[in-house]
file entry.cif (mmCIF, C-alpha atoms)
data_final
#
loop_
_atom_site.label_atom_id
_atom_site.label_comp_id
_atom_site.auth_asym_id
_atom_site.auth_seq_id
_atom_site.Cartn_x
_atom_site.Cartn_y
_atom_site.Cartn_z
CA MET A 21 112.40 115.90 196.94
CA ALA A 22 114.14 115.34 193.62
CA ILE A 23 113.04 118.61 192.05
CA THR A 24 114.48 121.38 194.21
CA GLY A 25 115.09 125.10 194.03
CA VAL A 26 112.61 126.67 191.62
CA LEU A 27 109.71 124.21 191.32
CA ARG A 28 107.35 125.65 188.72
CA PRO A 29 105.74 128.70 187.17
CA GLY A 30 103.26 129.67 189.88
CA HIS A 31 101.44 132.63 188.40
CA VAL A 32 101.22 135.02 185.50
CA ALA A 33 99.81 138.52 185.96
CA LEU A 34 98.21 139.97 182.84
CA ARG A 35 96.96 143.44 181.98
CA VAL A 36 93.59 143.55 180.27
CA LEU A 37 91.67 146.43 178.71
CA ASP A 38 88.23 145.33 179.96
CA LEU A 39 88.18 143.31 183.16
CA ASP A 40 84.66 141.89 182.78
CA ALA A 41 85.34 140.71 179.23
CA ALA A 42 88.63 139.20 180.39
CA VAL A 43 87.08 137.35 183.34
CA LYS A 44 84.37 135.98 181.04
CA HIS A 45 87.08 134.76 178.64
CA TYR A 46 89.33 133.20 181.27
CA THR A 47 86.45 131.47 183.08
CA GLU A 48 83.99 130.55 180.30
CA VAL A 49 86.25 130.07 177.28
CA LEU A 50 89.48 128.91 178.88
CA GLY A 51 87.70 127.42 181.89
CA LEU A 52 89.63 128.68 184.92
CA PHE A 53 87.93 129.26 188.26
CA GLU A 54 87.84 132.62 190.01
CA THR A 55 89.24 132.31 193.54
CA ALA A 56 89.45 135.92 194.76
CA ARG A 57 89.17 139.62 194.01
CA ASP A 58 91.14 142.20 195.92
CA ALA A 59 90.73 145.86 196.87
CA LYS A 60 92.78 146.90 193.83
CA GLY A 61 90.20 145.25 191.58
CA ARG A 62 92.47 142.40 190.55
CA VAL A 63 90.90 139.03 189.83
CA PHE A 64 92.69 135.80 190.80
CA LEU A 65 92.00 132.48 189.09
CA LYS A 66 93.20 128.89 189.08
CA ALA A 67 92.83 125.79 186.93
CA TRP A 68 90.87 122.80 188.20
CA ASP A 69 93.81 120.54 189.00
CA GLU A 70 96.01 123.17 190.61
CA ALA A 71 96.36 123.05 194.38
CA ASP A 72 97.54 126.60 195.00
CA HIS A 73 95.23 129.56 195.52
CA HIS A 74 95.78 131.15 192.11
CA SER A 75 97.85 130.90 188.94
CA VAL A 76 96.45 133.76 186.84
CA VAL A 77 96.00 137.38 187.92
CA LEU A 78 94.04 139.85 185.80
CA ARG A 79 94.31 143.63 186.19
CA GLU A 80 92.45 146.22 184.18
CA ALA A 81 94.89 148.67 182.62
CA GLU A 82 95.32 151.01 179.67
CA GLU A 83 97.78 148.65 177.99
CA ALA A 84 97.60 144.92 177.35
CA GLY A 85 100.54 142.64 178.17
CA MET A 86 102.19 140.90 181.09
CA ASP A 87 102.96 142.58 184.42
CA TYR A 88 105.03 139.72 185.81
CA MET A 89 105.43 135.98 186.16
CA GLY A 90 105.83 134.25 189.55
CA TRP A 91 107.86 131.15 190.40
CA ARG A 92 107.23 128.80 193.33
CA VAL A 93 110.45 127.79 195.08
CA ASP A 94 110.77 124.83 197.43
CA SER A 95 111.32 126.64 200.74
CA ASP A 96 111.79 129.93 202.49
CA ALA A 97 115.52 129.16 202.75
CA THR A 98 115.72 128.80 198.96
CA LEU A 99 113.82 132.05 198.53
CA ARG A 100 116.36 133.91 200.73
CA LYS A 101 119.32 132.22 199.04
CA LEU A 102 118.14 132.94 195.49
CA ALA A 103 117.46 136.58 196.42
CA VAL A 104 121.08 136.88 197.56
CA ASP A 105 122.33 135.03 194.46
CA LEU A 106 120.32 137.29 192.16
CA LYS A 107 121.73 140.39 193.85
CA LYS A 108 125.27 139.03 193.47
CA SER A 109 124.80 137.96 189.86
CA GLY A 110 124.79 141.42 188.35
CA LEU A 111 122.19 140.14 185.89
CA ALA A 112 118.97 141.13 187.66
CA THR A 113 117.78 144.72 188.17
CA ASP A 114 115.00 146.55 190.06
CA MET A 115 115.05 144.05 192.91
CA SER A 116 112.57 144.38 195.77
CA TRP A 117 110.56 142.39 198.30
CA VAL A 118 106.79 142.39 197.93
CA ALA A 119 105.01 141.97 201.25
CA ALA A 120 103.13 138.80 202.14
CA GLU A 121 99.40 139.05 201.34
CA GLU A 122 99.95 141.63 198.60
CA HIS A 123 98.62 138.75 196.53
CA PRO A 124 95.92 137.09 198.62
CA ALA A 125 96.96 133.81 200.27
CA THR A 126 100.56 134.33 199.20
CA GLY A 127 103.78 134.77 201.15
CA GLU A 128 106.52 137.28 200.61
CA ARG A 129 107.74 137.55 196.99
CA PHE A 130 111.16 138.58 195.72
CA ARG A 131 110.72 140.63 192.57
CA PHE A 132 113.39 141.36 189.96
CA THR A 133 113.72 142.32 186.30
CA LEU A 134 115.42 140.12 183.70
CA PRO A 135 117.93 141.43 181.12
CA THR A 136 115.10 141.07 178.56
CA GLY A 137 113.01 143.50 180.65
CA HIS A 138 110.46 141.03 182.03
CA VAL A 139 109.55 141.20 185.70
CA MET A 140 109.82 137.90 187.58
CA GLU A 141 109.02 136.94 191.17
CA LEU A 142 110.03 134.11 193.45
CA TYR A 143 107.88 133.00 196.38
CA ALA A 144 107.86 130.07 198.76
CA HIS A 145 104.29 130.04 200.00
CA LYS A 146 100.78 130.13 198.61
CA ASP A 147 97.77 128.74 200.45
CA ILE A 148 96.48 125.45 199.12
CA LEU A 149 92.85 125.55 198.08
CA GLY A 150 93.19 122.10 196.54
CA CYS A 151 92.18 120.68 193.22
CA LEU A 152 88.48 120.25 192.50
CA ASN A 153 88.47 116.45 192.70
CA GLY A 154 90.28 116.19 196.03
CA TYR A 155 93.20 114.13 197.24
CA GLU A 156 91.49 111.10 198.75
CA ASN A 157 90.21 108.45 196.37
CA PRO A 158 89.80 111.09 193.69
CA ASP A 159 87.95 110.79 190.41
CA PRO A 160 90.16 111.52 187.41
CA TRP A 161 88.38 114.81 186.75
CA PRO A 162 85.76 116.81 188.60
CA ASP A 163 82.21 117.68 187.61
CA GLY A 164 81.37 121.26 186.72
CA LEU A 165 84.16 121.91 184.23
CA HIS A 166 83.47 124.37 181.42
CA GLY A 167 85.30 125.75 178.43
CA MET A 168 88.62 124.20 177.50
CA ALA A 169 89.24 123.30 181.14
CA PRO A 170 93.04 123.00 181.24
CA SER A 171 94.49 121.25 184.26
CA ARG A 172 97.10 123.91 184.97
CA PHE A 173 98.95 127.05 183.92
CA ASP A 174 102.07 125.67 182.28
CA HIS A 175 104.50 128.25 180.87
CA CYS A 176 104.98 131.59 179.11
CA LEU A 177 106.81 132.54 175.93
CA LEU A 178 108.35 136.00 176.17
CA TYR A 179 110.13 138.25 173.64
CA GLY A 180 113.03 140.51 174.54
CA ASP A 181 116.39 141.90 173.54
CA ASP A 182 119.12 140.58 175.84
CA LEU A 183 118.38 136.90 175.41
CA ASP A 184 121.93 135.91 176.40
CA GLY A 185 121.64 137.70 179.75
CA THR A 186 118.24 136.21 180.54
CA VAL A 187 119.32 132.68 179.61
CA LYS A 188 122.47 133.09 181.74
CA LEU A 189 120.38 134.23 184.70
CA PHE A 190 117.96 131.30 184.45
CA ARG A 191 120.72 128.72 183.97
CA GLU A 192 123.45 129.97 186.26
CA VAL A 193 121.48 131.65 189.05
CA LEU A 194 118.12 129.85 189.12
CA GLY A 195 119.37 126.42 188.04
CA PHE A 196 117.27 125.96 184.90
CA CYS A 197 118.34 123.72 182.00
CA LEU A 198 118.28 124.54 178.30
CA ALA A 199 115.96 121.90 176.83
CA GLU A 200 115.84 123.31 173.31
CA GLN A 201 117.32 126.21 171.38
CA VAL A 202 117.09 127.81 167.95
CA VAL A 203 120.39 129.07 166.55
CA ALA A 204 120.97 131.41 163.63
CA GLY A 205 123.70 131.67 161.06
CA PRO A 206 127.23 130.32 160.97
CA GLU A 207 127.92 132.05 164.30
CA LYS A 208 125.13 129.96 165.90
CA LEU A 209 123.59 132.93 167.68
CA ILE A 210 120.87 131.71 170.04
CA ILE A 211 117.60 133.32 168.93
CA ALA A 212 115.19 131.19 170.98
CA ALA A 213 115.68 129.38 174.29
CA PHE A 214 113.37 126.84 175.96
CA LEU A 215 114.21 126.60 179.65
CA SER A 216 113.13 123.90 182.11
CA CYS A 217 113.31 123.78 185.91
CA SER A 218 111.42 120.49 186.04
CA ASN A 219 110.42 117.46 183.98
CA LYS A 220 108.68 119.67 181.41
CA ALA A 221 110.16 120.50 178.00
CA HIS A 222 109.81 124.16 178.98
CA ASP A 223 108.72 126.15 182.00
CA VAL A 224 109.49 129.42 180.21
CA ALA A 225 110.81 130.29 176.76
CA PHE A 226 112.35 133.42 175.29
CA ILE A 227 112.77 134.71 171.75
CA ARG A 228 115.28 137.38 170.78
CA GLN A 229 113.78 140.53 169.29
CA PRO A 230 114.67 144.21 169.66
CA MET A 231 112.04 145.39 172.15
CA LYS A 232 112.18 144.72 175.88
CA ASN A 233 109.46 143.08 177.93
CA LYS A 234 107.10 141.72 175.31
CA PHE A 235 104.57 138.98 176.00
CA HIS A 236 103.92 136.30 173.39
CA HIS A 237 101.67 133.85 175.23
CA ALA A 238 100.63 132.16 178.43
CA SER A 239 100.04 128.46 178.02
CA PHE A 240 97.73 126.01 179.76
CA GLN A 241 97.85 122.25 179.70
CA LEU A 242 95.25 119.92 178.24
CA ASP A 243 95.29 116.14 178.47
CA ASN A 244 95.34 115.02 174.86
CA TRP A 245 94.95 115.88 171.20
CA ASN A 246 91.19 115.46 171.28
CA GLU A 247 90.96 118.15 173.93
CA VAL A 248 93.03 120.44 171.69
CA LEU A 249 90.54 119.80 168.87
CA ARG A 250 87.66 120.47 171.26
CA ALA A 251 89.37 123.75 172.23
CA ALA A 252 89.28 124.67 168.53
CA ASP A 253 85.53 123.99 168.51
CA ILE A 254 85.09 126.26 171.52
CA ILE A 255 87.12 129.01 169.83
CA SER A 256 84.72 128.99 166.88
CA LYS A 257 81.58 128.51 168.95
CA LYS A 258 82.46 131.43 171.26
CA ARG A 259 83.77 133.64 168.40
CA VAL A 260 87.22 133.84 169.96
CA SER A 261 90.06 135.39 167.95
CA LEU A 262 92.01 132.40 166.59
CA ASP A 263 95.73 132.77 166.00
CA LEU A 264 96.50 129.35 164.56
CA GLY A 265 96.16 125.64 165.01
CA PRO A 266 95.34 123.00 165.94
CA THR A 267 98.76 121.76 164.90
CA ARG A 268 102.00 120.38 166.31
CA HIS A 269 105.22 122.15 167.19
CA GLY A 270 108.57 120.67 166.21
CA LEU A 271 110.00 122.48 169.21
CA THR A 272 108.88 120.63 172.39
CA ARG A 273 106.60 118.35 170.25
CA GLY A 274 103.50 119.96 171.74
CA GLN A 275 100.06 119.57 170.14
CA THR A 276 98.73 123.07 170.23
CA ILE A 277 96.26 125.80 169.41
CA TYR A 278 96.74 129.56 169.88
CA PHE A 279 94.11 132.23 170.38
CA PHE A 280 93.73 135.68 171.89
CA ASP A 281 91.96 136.97 174.96
CA PRO A 282 89.65 139.98 174.40
CA SER A 283 92.57 142.38 175.04
CA GLY A 284 94.87 140.72 172.52
CA ASN A 285 97.01 138.74 174.95
CA ARG A 286 97.79 135.39 173.34
CA ASN A 287 96.81 132.16 175.06
CA GLU A 288 97.85 128.63 174.18
CA VAL A 289 96.33 125.33 175.19
CA PHE A 290 98.44 122.30 174.41
CA ALA A 291 98.94 118.60 175.07
CA GLY A 292 101.83 116.21 174.70
CA GLY A 293 105.50 117.00 174.59
CA TYR A 294 107.99 114.84 176.43
CA ILE A 295 109.49 114.21 179.84
CA TYR A 296 112.63 116.26 180.36
CA TYR A 297 115.53 115.30 182.63
CA PRO A 298 118.42 117.63 183.39
CA ASP A 299 120.90 115.25 181.71
CA LYS A 300 118.99 115.19 178.41
CA PRO A 301 121.10 116.73 175.63
CA THR A 302 119.86 120.12 174.44
CA ILE A 303 117.84 119.90 171.21
CA THR A 304 119.06 122.42 168.60
CA TRP A 305 117.04 123.80 165.68
CA THR A 306 118.78 125.78 162.96
CA ASP A 307 117.13 128.88 161.56
CA ASP A 308 116.98 127.43 158.04
CA GLN A 309 114.46 124.96 159.50
CA LEU A 310 112.39 127.46 161.47
CA GLY A 311 109.20 126.52 159.65
CA PRO A 312 108.98 122.91 160.86
CA ALA A 313 110.59 123.86 164.18
CA ILE A 314 107.60 126.03 164.96
CA PHE A 315 104.82 124.42 162.89
CA TYR A 316 105.73 120.85 162.13
CA HIS A 317 102.88 120.01 159.75
CA ASP A 318 102.83 122.80 157.19
CA ARG A 319 106.56 123.56 157.69
CA LYS A 320 105.98 127.26 157.06
CA LEU A 321 106.53 130.31 159.22
CA ASN A 322 103.50 132.30 160.19
CA GLU A 323 103.93 136.05 160.12
CA ALA A 324 101.35 136.84 162.80
CA PHE A 325 102.69 134.19 165.17
CA LEU A 326 106.16 135.72 165.04
CA SER A 327 105.10 139.37 165.00
CA VAL A 328 102.04 139.79 167.23
CA VAL A 329 102.88 140.45 170.87
CA THR A 330 101.51 142.59 173.70
CA MET B 14 76.28 150.15 153.92
CA PRO B 15 79.52 152.05 154.59
CA ARG B 16 82.47 151.32 152.32
CA ILE B 17 86.00 151.22 153.71
CA HIS B 18 88.71 152.55 151.41
CA ILE B 19 92.34 151.60 152.09
CA GLU B 20 94.27 154.39 150.45
CA ASN B 21 97.67 152.61 150.50
CA CYS B 22 96.59 149.84 148.14
CA GLY B 23 93.34 151.03 146.59
CA GLU B 24 91.38 148.17 148.18
CA SER B 25 87.83 148.85 149.32
CA PHE B 26 85.09 146.78 150.90
CA VAL B 27 81.67 147.24 152.45
CA CYS B 28 81.43 146.94 156.22
CA ALA B 29 78.32 147.14 158.40
CA ALA B 30 78.43 149.88 161.03
CA THR B 31 78.02 147.16 163.66
CA GLN B 32 81.14 145.30 162.55
CA ASN B 33 84.69 146.40 163.17
CA VAL B 34 86.69 147.32 160.09
CA LEU B 35 89.25 144.53 160.46
CA ARG B 36 86.58 141.86 160.86
CA GLY B 37 84.74 143.33 157.87
CA MET B 38 87.88 142.98 155.77
CA GLU B 39 88.57 139.43 156.97
CA CYS B 40 84.96 138.29 156.42
CA LEU B 41 85.19 139.23 152.74
CA GLY B 42 88.66 137.75 152.32
CA ARG B 43 90.08 141.18 151.53
CA LYS B 44 93.65 142.24 152.26
CA GLY B 45 95.44 145.46 153.07
CA ILE B 46 95.39 145.80 156.85
CA PRO B 47 97.69 143.42 158.76
CA VAL B 48 95.72 141.13 161.10
CA GLY B 49 97.04 140.54 164.61
CA CYS B 50 95.25 139.87 167.89
CA ARG B 51 91.89 141.40 166.89
CA GLY B 52 91.54 142.64 170.47
CA GLY B 53 93.06 146.11 170.53
CA GLY B 54 96.23 144.90 172.19
CA CYS B 55 99.02 144.29 169.67
CA GLY B 56 98.81 147.29 167.32
CA VAL B 57 99.62 145.62 163.99
CA CYS B 58 96.29 146.75 162.45
CA LYS B 59 96.95 150.41 163.23
CA VAL B 60 95.44 152.83 160.72
CA ARG B 61 94.88 156.56 160.40
CA VAL B 62 91.40 157.67 159.43
CA LEU B 63 91.81 160.33 156.76
CA ARG B 64 88.12 160.99 156.11
CA GLY B 65 84.82 159.80 157.53
CA GLN B 66 82.83 159.56 160.76
CA TYR B 67 83.87 156.74 163.08
CA ARG B 68 83.87 155.45 166.61
CA THR B 69 86.39 153.28 168.45
CA GLU B 70 86.41 150.86 171.34
CA ARG B 71 89.14 150.71 173.95
CA MET B 72 92.64 150.27 172.50
CA SER B 73 95.92 149.58 174.25
CA ARG B 74 97.67 152.86 175.02
CA ALA B 75 100.93 151.10 174.14
CA CYS B 76 99.67 151.10 170.54
CA VAL B 77 97.67 154.34 170.21
CA SER B 78 98.53 157.29 172.46
CA ALA B 79 95.86 159.81 173.50
CA GLU B 80 97.47 162.34 171.17
CA GLU B 81 97.47 159.92 168.24
CA GLN B 82 93.85 159.08 168.91
CA GLN B 83 93.05 162.80 168.58
CA GLN B 84 94.85 162.79 165.23
CA GLY B 85 92.70 159.97 163.86
CA TYR B 86 94.90 156.98 164.60
CA ALA B 87 93.05 153.82 165.58
CA LEU B 88 93.31 150.06 165.55
CA ALA B 89 91.13 148.63 162.79
CA CYS B 90 89.91 145.86 165.10
CA ARG B 91 88.37 148.52 167.37
CA LEU B 92 87.22 150.85 164.61
CA TYR B 93 83.65 151.22 163.32
CA ALA B 94 82.28 153.32 160.47
CA ASP B 95 79.66 155.47 162.17
CA GLU B 96 77.92 156.78 159.12
CA GLY B 97 79.11 156.77 155.54
CA ASP B 98 82.44 155.71 154.11
CA LEU B 99 85.85 155.69 155.76
CA HIS B 100 89.14 156.44 154.06
CA LEU B 101 92.10 154.85 155.84
CA GLN B 102 95.84 154.86 155.65
CA VAL B 103 97.48 151.70 157.01
CA VAL B 104 100.37 152.51 159.36
CA GLY B 105 100.72 149.27 161.36
CA LYS B 106 102.98 146.49 160.24
CA MET B 107 104.26 143.12 161.21
CA GLN B 108 107.69 143.42 162.75
CA ARG B 109 108.95 139.92 162.92
CA ALA B 110 111.13 138.41 165.54
CA LEU B 111 113.37 135.50 164.53
CA GLN B 112 114.65 137.19 161.41
CA PRO B 113 116.48 134.49 159.50
CA SER B 114 120.20 135.03 159.01
CA ALA B 115 121.58 135.92 155.59
CA GLY B 116 122.79 132.36 155.15
CA ALA B 117 119.39 130.93 155.91
CA ARG B 118 117.70 133.38 153.57
CA ALA B 119 119.91 132.18 150.75
CA GLY B 120 119.13 128.59 151.63
CA THR B 121 115.88 126.77 152.14
CA LEU B 122 113.89 129.32 154.11
CA GLU B 123 111.30 130.89 151.86
CA ASN B 124 108.87 133.30 153.35
#

call {"tool": "encode", "arguments": {"input": "entry.cif", "output": "structure tokens"}}
result
Amino acid sequence: MAITGVLRPGHVALRVLDLDAAVKHYTEVLGLFETARDAKGRVFLKAWDEADHHSVVLREAEEAGMDYMGWRVDSDATLRKLAVDLKKSGLATDMSWVAAEEHPATGERFRFTLPTGHVMELYAHKDILGCLNGYENPDPWPDGLHGMAPSRFDHCLLYGDDLDGTVKLFREVLGFCLAEQVVAGPEKLIIAAFLSCSNKAHDVAFIRQPMKNKFHHASFQLDNWNEVLRAADIISKKRVSLDLGPTRHGLTRGQTIYFFDPSGNRNEVFAGGYIYYPDKPTITWTDDQLGPAIFYHDRKLNEAFLSVVT
Amino acid sequence: MPRIHIENCGESFVCAATQNVLRGMECLGRKGIPVGCRGGGCGVCKVRVLRGQYRTERMSRACVSAEEQQQGYALACRLYADEGDLHLQVVGKMQRALQPSAGARAGTLEN
């Protein structure tokens, strides 16, 4: 196995103000499939092409935002090793083991908090429900898709204060690479970091801002630009709160559209980007070119995109 | 139809009782209340109702505490004029991440 250690973002757990409205959004607008509900009232969902039991968890709460993000690692041995490494690093806090089956169909998870205040988990097992088109002589896509129908949960963008600490933890403890960065001023302070543990341009990204533990968006992958345009049609048809797009990012080259779930948590669907390898030089954007770095076509910053978080 | 008065800037617009105040403003292309998620989650459209009868839908407690809600604070995207006009004071604002450095501000970044 060429990709080892941390394999991919495996789940994102979101707080929503109205569970029924959220489930309707994530199934009918976004187009995920509900796979389970538990005794705590949480709803578990997955995208059509994902094998694992769930990739999105919704919990009704008094505040919107992200509870935590989970990462699939390649083996139980890696899970144990990374837990030890995190404890030794001095970078992670609030570390604990979450029992197997606390999430349905999921093994034991190691939970910790990043220097930016976000809660992360590592786990080595989740039951495979399988993608909807199967693994033997499959069709390219299954029948019965609705909404935007992304193939998978792809990444999150998170806002927090101690960006340096979080980037150090991902790179030095978890083995991530810095695919792209935004630097500010003559001192080249890193103000945004796009981190990859795989062949993707980012598996998670962070932006420096004063408050801890803020959620900017959870992103889901579409196949192509036409699907992004179709997502825009669905946003209007279903009266979804549009943030912006469709457009292209300079950063990661993604073709993208942003919108909000009914509790104000931002979602992205995107296509494109590039294949990342660990020996690819880091792409650097300077803060005098933030406009095209974020929105390549109109080359202007968008106040709401930079300010609105949950 | 109820009229919404934004005291900070003197703007006012009509808004059906069935439509939230933020949507009412956006529909008419009016300005004055910052527009964020439109879902009661981000808090940038926070206002204080100074006068008028209103009702609200669920808002993130991270943005409006129970005490603030008692004092008339609300998110405009969850706020409805119940009967008659509303007079509002805008308290929410955009607090931007990625503040450009002084050097960049002097250079090509215009915002």

call {"tool": "residues_around", "arguments": {"input": "entry.cif", "residues": "Gly51 of chain A", "least_positions_apart": "6", "cutoff": "8 Å", "atoms": "only C-alpha atoms", "output": "PDB file with C-alpha atoms, in the frame of the given file"}}
result
ATOM      1  CA  ALA A  67      92.830 125.790 186.930  1.00  0.00           C
ATOM      2  CA  LEU A 165      84.160 121.910 184.230  1.00  0.00           C
ATOM      3  CA  HIS A 166      83.470 124.370 181.420  1.00  0.00           C
ATOM      4  CA  GLY A 167      85.300 125.750 178.430  1.00  0.00           C
ATOM      5  CA  MET A 168      88.620 124.200 177.500  1.00  0.00           C
ATOM      6  CA  ALA A 169      89.240 123.300 181.140  1.00  0.00           C
ATOM      7  CA  PRO A 170      93.040 123.000 181.240  1.00  0.00           C
TER       8      PRO A 170
END

call {"tool": "atom_distance", "arguments": {"input": "entry.cif", "atom1": "atom CA of Ala94 of chain B", "atom2": "atom CA of Gly23 of chain B"}}
result
17.9 Å

call {"tool": "resolve_selection", "arguments": {"input": "entry.cif", "expression": "the PyMOL selection byres ((chain A) within 9 of (chain B))", "output": "MDAnalysis selection string"}}
result
chainID A and resid 36:38 81:85 179 204:206 211:212 227:230 261:263 279:286 306:311 320:330

call {"tool": "resolve_selection", "arguments": {"input": "entry.cif", "expression": "the PyMOL selection byres ((chain A and resi 163) around 9)", "output": "ChimeraX atom specification"}}
result
/A:152-153,161-162,164-165

call {"tool": "closest_residue", "arguments": {"input": "entry.cif", "among": "B:Gly37, B:Gly45, B:Gly105, B:Pro15", "to": "Tyr67 of chain B", "atoms": "all atoms listed in the file"}}
result
B:Pro15

call {"tool": "residues_around", "arguments": {"input": "entry.cif", "residues": "Asp318 of chain A", "least_positions_apart": "4", "cutoff": "12 Å", "atoms": "all atoms listed in the file", "output": "number ranges by chain"}}
result
A: 264-270, 310-314, 322

call {"tool": "write_last_selection", "arguments": {"input": "entry.cif", "atoms": "C-alpha atoms", "output": "PDB file, keeping the file's coordinate frame"}}
result
ATOM      1  CA  LEU A 264      96.500 129.350 164.560  1.00  0.00           C
ATOM      2  CA  GLY A 265      96.160 125.640 165.010  1.00  0.00           C
ATOM      3  CA  PRO A 266      95.340 123.000 165.940  1.00  0.00           C
ATOM      4  CA  THR A 267      98.760 121.760 164.900  1.00  0.00           C
ATOM      5  CA  ARG A 268     102.000 120.380 166.310  1.00  0.00           C
ATOM      6  CA  HIS A 269     105.220 122.150 167.190  1.00  0.00           C
ATOM      7  CA  GLY A 270     108.570 120.670 166.210  1.00  0.00           C
ATOM      8  CA  LEU A 310     112.390 127.460 161.470  1.00  0.00           C
ATOM      9  CA  GLY A 311     109.200 126.520 159.650  1.00  0.00           C
ATOM     10  CA  PRO A 312     108.980 122.910 160.860  1.00  0.00           C
ATOM     11  CA  ALA A 313     110.590 123.860 164.180  1.00  0.00           C
ATOM     12  CA  ILE A 314     107.600 126.030 164.960  1.00  0.00           C
ATOM     13  CA  ASN A 322     103.500 132.300 160.190  1.00  0.00           C
TER      14      ASN A 322
END

call {"tool": "resolve_selection", "arguments": {"input": "entry.cif", "expression": "the PyMOL selection byres ((chain B and resi 44) around 12)", "output": "NGL selection string"}}
result
:B and (17-19 or 21-26 or 34-43 or 45-48 or 58 or 103)

call {"tool": "decode", "arguments": {"input": "entry.cif", "residues": "segment 232-254 of chain A", "atoms": "C-alpha atoms", "output": "short mmCIF file (atom, residue, chain, number, x, y, z; two decimals), in the first residue's frame"}}
result
data_model
loop_
_atom_site.label_atom_id
_atom_site.label_comp_id
_atom_site.auth_asym_id
_atom_site.auth_seq_id
_atom_site.Cartn_x
_atom_site.Cartn_y
_atom_site.Cartn_z
CA LYS A 232 -10.51 28.83 18.23
CA ASN A 233 -12.46 25.96 16.72
CA LYS A 234 -14.38 27.60 13.91
CA PHE A 235 -15.86 25.69 10.99
CA HIS A 236 -15.74 27.17 7.50
CA HIS A 237 -17.00 24.32 5.32
CA ALA A 238 -17.28 20.62 4.65
CA SER A 239 -16.67 19.74 1.03
CA PHE A 240 -17.98 16.96 -1.20
CA GLN A 241 -16.66 15.84 -4.54
CA LEU A 242 -18.45 16.05 -7.87
CA ASP A 243 -17.18 14.64 -11.15
CA ASN A 244 -16.96 17.67 -13.40
CA TRP A 245 -17.78 21.31 -14.03
CA ASN A 246 -21.21 20.50 -15.45
CA GLU A 247 -22.15 18.84 -12.18
CA VAL A 248 -21.04 22.00 -10.34
CA LEU A 249 -23.33 24.03 -12.61
CA ARG A 250 -26.15 21.56 -11.98
CA ALA A 251 -25.54 21.97 -8.24
CA ALA A 252 -26.10 25.71 -8.74
CA ASP A 253 -29.43 24.92 -10.42
CA ILE A 254 -30.42 22.76 -7.46
#
